[in-house]
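Student: Pasting a structure here, questions to come.
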Amino acid sequence: MSPILTGYILTYGYLAIFGLVLLQELGMPGLPNELVLFYFGFISHQFHLNFPLVISLAVLADITGSFVLYLLFYHGKIWLVRIKPKWLRVPVHKINLLKQKMASHDGRNIFMAKLTPFVRSYIPVVAGLLQVQPALYGRIVFFTAIIWSGGWVTVGWLLQGKFY
(Lines give C-alpha, C1' and ligand atoms only; values in the text may rest on other atoms or scores of the structure.)
Protein backbone atom coordinates (compact mmCIF):
# COMPACT_ATOMS: atom_id res chain seq x y z
CA MET A 1 0.00 0.00 0.00
CA SER A 2 1.10 3.53 -0.56
CA PRO A 3 2.62 5.64 2.18
CA ILE A 4 -0.11 8.19 1.46
CA LEU A 5 -2.80 5.72 2.58
CA THR A 6 -0.78 4.79 5.65
CA GLY A 7 -0.32 8.46 6.52
CA TYR A 8 -4.03 9.08 6.06
CA ILE A 9 -4.91 6.23 8.39
CA LEU A 10 -2.36 7.30 10.97
CA THR A 11 -3.55 10.91 10.80
CA TYR A 12 -7.28 10.27 11.00
CA GLY A 13 -6.97 7.04 12.95
CA TYR A 14 -9.87 4.74 13.50
CA LEU A 15 -12.32 7.02 11.70
CA ALA A 16 -10.37 6.47 8.48
CA ILE A 17 -10.57 2.70 8.90
CA PHE A 18 -14.33 2.85 9.47
CA GLY A 19 -14.84 5.26 6.55
CA LEU A 20 -12.79 3.27 4.04
CA VAL A 21 -14.50 -0.03 4.85
CA LEU A 22 -17.90 1.67 4.75
CA LEU A 23 -17.18 3.21 1.34
CA GLN A 24 -16.10 -0.15 -0.01
CA GLU A 25 -19.23 -1.83 1.28
CA LEU A 26 -21.27 0.88 -0.42
CA GLY A 27 -19.63 -0.04 -3.72
CA MET A 28 -16.80 2.47 -4.10
CA PRO A 29 -14.51 1.24 -6.85
CA GLY A 30 -10.87 0.91 -6.06
CA LEU A 31 -8.93 -1.59 -4.07
CA PRO A 32 -10.37 -5.03 -3.38
CA ASN A 33 -12.11 -5.29 -0.02
CA GLU A 34 -10.00 -8.25 1.05
CA LEU A 35 -6.75 -6.40 0.41
CA VAL A 36 -7.83 -3.33 2.39
CA LEU A 37 -9.05 -5.39 5.35
CA PHE A 38 -5.82 -7.40 5.30
CA TYR A 39 -3.85 -4.14 5.24
CA PHE A 40 -5.75 -2.74 8.23
CA GLY A 41 -4.78 -5.80 10.24
CA PHE A 42 -1.21 -5.45 9.01
CA ILE A 43 -0.85 -1.80 10.04
CA SER A 44 -2.71 -2.32 13.32
CA HIS A 45 0.08 -4.69 14.34
CA GLN A 46 2.86 -2.61 12.81
CA PHE A 47 1.78 0.73 14.33
CA HIS A 48 0.38 -0.71 17.58
CA LEU A 49 -3.23 0.25 16.95
CA ASN A 50 -5.87 -1.25 19.22
CA PHE A 51 -6.51 -4.55 17.43
CA PRO A 52 -9.96 -5.33 18.93
CA LEU A 53 -11.08 -1.81 18.04
CA VAL A 54 -9.83 -2.18 14.44
CA ILE A 55 -11.77 -5.45 14.08
CA SER A 56 -14.87 -3.93 15.68
CA LEU A 57 -14.78 -0.92 13.36
CA ALA A 58 -14.28 -3.08 10.27
CA VAL A 59 -17.20 -5.33 11.25
CA LEU A 60 -19.42 -2.36 12.14
CA ALA A 61 -18.61 -0.63 8.85
CA ASP A 62 -19.35 -3.86 6.95
CA ILE A 63 -22.74 -4.20 8.66
CA THR A 64 -23.58 -0.51 8.19
CA GLY A 65 -22.65 -0.47 4.50
CA SER A 66 -24.56 -3.66 3.78
CA PHE A 67 -27.66 -2.38 5.57
CA VAL A 68 -27.60 1.02 3.89
CA LEU A 69 -27.59 -0.61 0.45
CA TYR A 70 -30.16 -3.20 1.48
CA LEU A 71 -32.57 -0.59 2.89
CA LEU A 72 -32.08 1.69 -0.09
CA PHE A 73 -33.20 -1.04 -2.48
CA TYR A 74 -35.74 -2.54 -0.06
CA HIS A 75 -37.63 0.74 0.22
CA GLY A 76 -36.77 1.99 -3.27
CA LYS A 77 -38.10 -1.04 -5.11
CA ILE A 78 -41.41 0.63 -6.02
CA TRP A 79 -39.61 3.64 -7.47
CA LEU A 80 -37.16 1.43 -9.39
CA VAL A 81 -39.98 -0.68 -10.83
CA ARG A 82 -41.74 2.50 -11.93
CA ILE A 83 -38.69 3.78 -13.88
CA LYS A 84 -37.84 0.35 -15.30
CA PRO A 85 -37.48 0.41 -19.09
CA LYS A 86 -40.37 -1.13 -21.04
CA TRP A 87 -38.09 -3.55 -22.90
CA LEU A 88 -36.93 -5.13 -19.62
CA ARG A 89 -39.60 -7.73 -18.99
CA VAL A 90 -39.20 -9.81 -15.87
CA PRO A 91 -42.23 -11.94 -14.99
CA VAL A 92 -43.48 -11.66 -11.43
CA HIS A 93 -43.47 -15.43 -10.94
CA LYS A 94 -39.75 -15.57 -11.76
CA ILE A 95 -39.02 -12.85 -9.22
CA ASN A 96 -41.02 -14.72 -6.58
CA LEU A 97 -39.20 -17.95 -7.42
CA LEU A 98 -35.83 -16.24 -7.08
CA LYS A 99 -36.92 -14.72 -3.76
CA GLN A 100 -37.94 -18.14 -2.45
CA LYS A 101 -34.62 -19.65 -3.53
CA MET A 102 -32.61 -16.88 -1.87
CA ALA A 103 -34.51 -17.05 1.40
CA SER A 104 -34.87 -20.83 1.45
CA HIS A 105 -33.10 -22.97 4.03
CA ASP A 106 -33.21 -20.11 6.56
CA GLY A 107 -31.06 -17.90 4.35
CA ARG A 108 -28.12 -20.27 3.85
CA ASN A 109 -27.95 -19.25 0.20
CA ILE A 110 -27.60 -15.59 1.14
CA PHE A 111 -25.07 -16.51 3.82
CA MET A 112 -22.87 -18.38 1.34
CA ALA A 113 -23.18 -15.60 -1.23
CA LYS A 114 -22.09 -12.99 1.35
CA LEU A 115 -18.94 -15.06 1.90
CA THR A 116 -18.13 -15.31 -1.81
CA PRO A 117 -15.66 -12.75 -3.18
CA PHE A 118 -17.04 -10.33 -5.80
CA VAL A 119 -20.58 -11.71 -5.39
CA ARG A 120 -20.87 -10.43 -1.82
CA SER A 121 -21.01 -6.82 -3.02
CA TYR A 122 -24.24 -7.40 -4.94
CA ILE A 123 -26.13 -9.32 -2.25
CA PRO A 124 -27.53 -6.25 -0.42
CA VAL A 125 -28.97 -4.94 -3.69
CA VAL A 126 -30.52 -8.27 -4.67
CA ALA A 127 -31.82 -8.97 -1.15
CA GLY A 128 -33.38 -5.50 -1.00
CA LEU A 129 -35.03 -5.78 -4.40
CA LEU A 130 -36.37 -9.24 -3.60
CA GLN A 131 -37.74 -7.97 -0.27
CA VAL A 132 -35.91 -10.50 1.91
CA GLN A 133 -37.10 -10.12 5.50
CA PRO A 134 -35.00 -7.52 7.36
CA ALA A 135 -34.60 -9.75 10.44
CA LEU A 136 -33.28 -12.63 8.36
CA TYR A 137 -30.97 -10.37 6.38
CA GLY A 138 -29.73 -8.73 9.59
CA ARG A 139 -28.73 -12.03 11.17
CA ILE A 140 -26.92 -13.07 8.02
CA VAL A 141 -25.06 -9.77 7.67
CA PHE A 142 -24.03 -9.80 11.32
CA PHE A 143 -22.39 -13.21 11.14
CA THR A 144 -20.86 -12.79 7.70
CA ALA A 145 -19.34 -9.44 8.71
CA ILE A 146 -17.67 -11.06 11.68
CA ILE A 147 -16.36 -13.92 9.55
CA TRP A 148 -15.36 -11.88 6.50
CA SER A 149 -14.13 -8.54 7.81
CA GLY A 150 -12.92 -9.82 11.15
CA GLY A 151 -11.21 -12.75 9.47
CA TRP A 152 -9.30 -10.66 6.92
CA VAL A 153 -8.18 -8.13 9.54
CA THR A 154 -7.02 -10.97 11.77
CA VAL A 155 -5.08 -12.62 8.94
CA GLY A 156 -3.33 -9.32 8.21
CA TRP A 157 -2.48 -8.89 11.88
CA LEU A 158 -1.16 -12.44 12.22
CA LEU A 159 0.93 -12.33 9.05
CA GLN A 160 2.54 -8.98 9.83
CA GLY A 161 5.47 -10.71 11.50
CA LYS A 162 6.08 -12.85 8.41
CA PHE A 163 6.87 -9.80 6.24
CA TYR A 164 9.19 -7.95 8.63
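In the C-alpha coordinates, chains take the letters A, B, ... in the order shown, each chain's residues start at 1, and ligands count up from 1 in the order shown.
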Which residues, written as a ChimeraX atom specification, have at least one atom at most 7 Å from Val141 (chain A), with only C-alpha atoms counted and residues fewer than 4 positions away on the same chain left out?
Tutor: /A:63,137,145
Student: Please report, as a ChimeraX atom specification, each residue of chain A to which DSSP assigns helix (DSSP H, G or I) when run on this structure's backbone.
Tutor: /A:3-12,14-25,33-46,51-75,77-82,92-114,123-129,134-163
Student: Can you work out which one of A:Thr6, A:Tyr12, A:Leu71, A:Leu115 has the shortest atom-to-atom distance to Phe42 (chain A), counting only C-alpha atoms?
Tutor: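 Once distances to Phe42 (chain A) are computed over only C-alpha atoms, the minimum belongs to A:Thr6.
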Student: If you measure from CA of Tyr8 (chain A) to CA of Val36 (chain A), what distance in Å do you get, rounded to one decimal?
Tutor: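 CA of Val36 (chain A) lies 13.5 Å from CA of Tyr8 (chain A).
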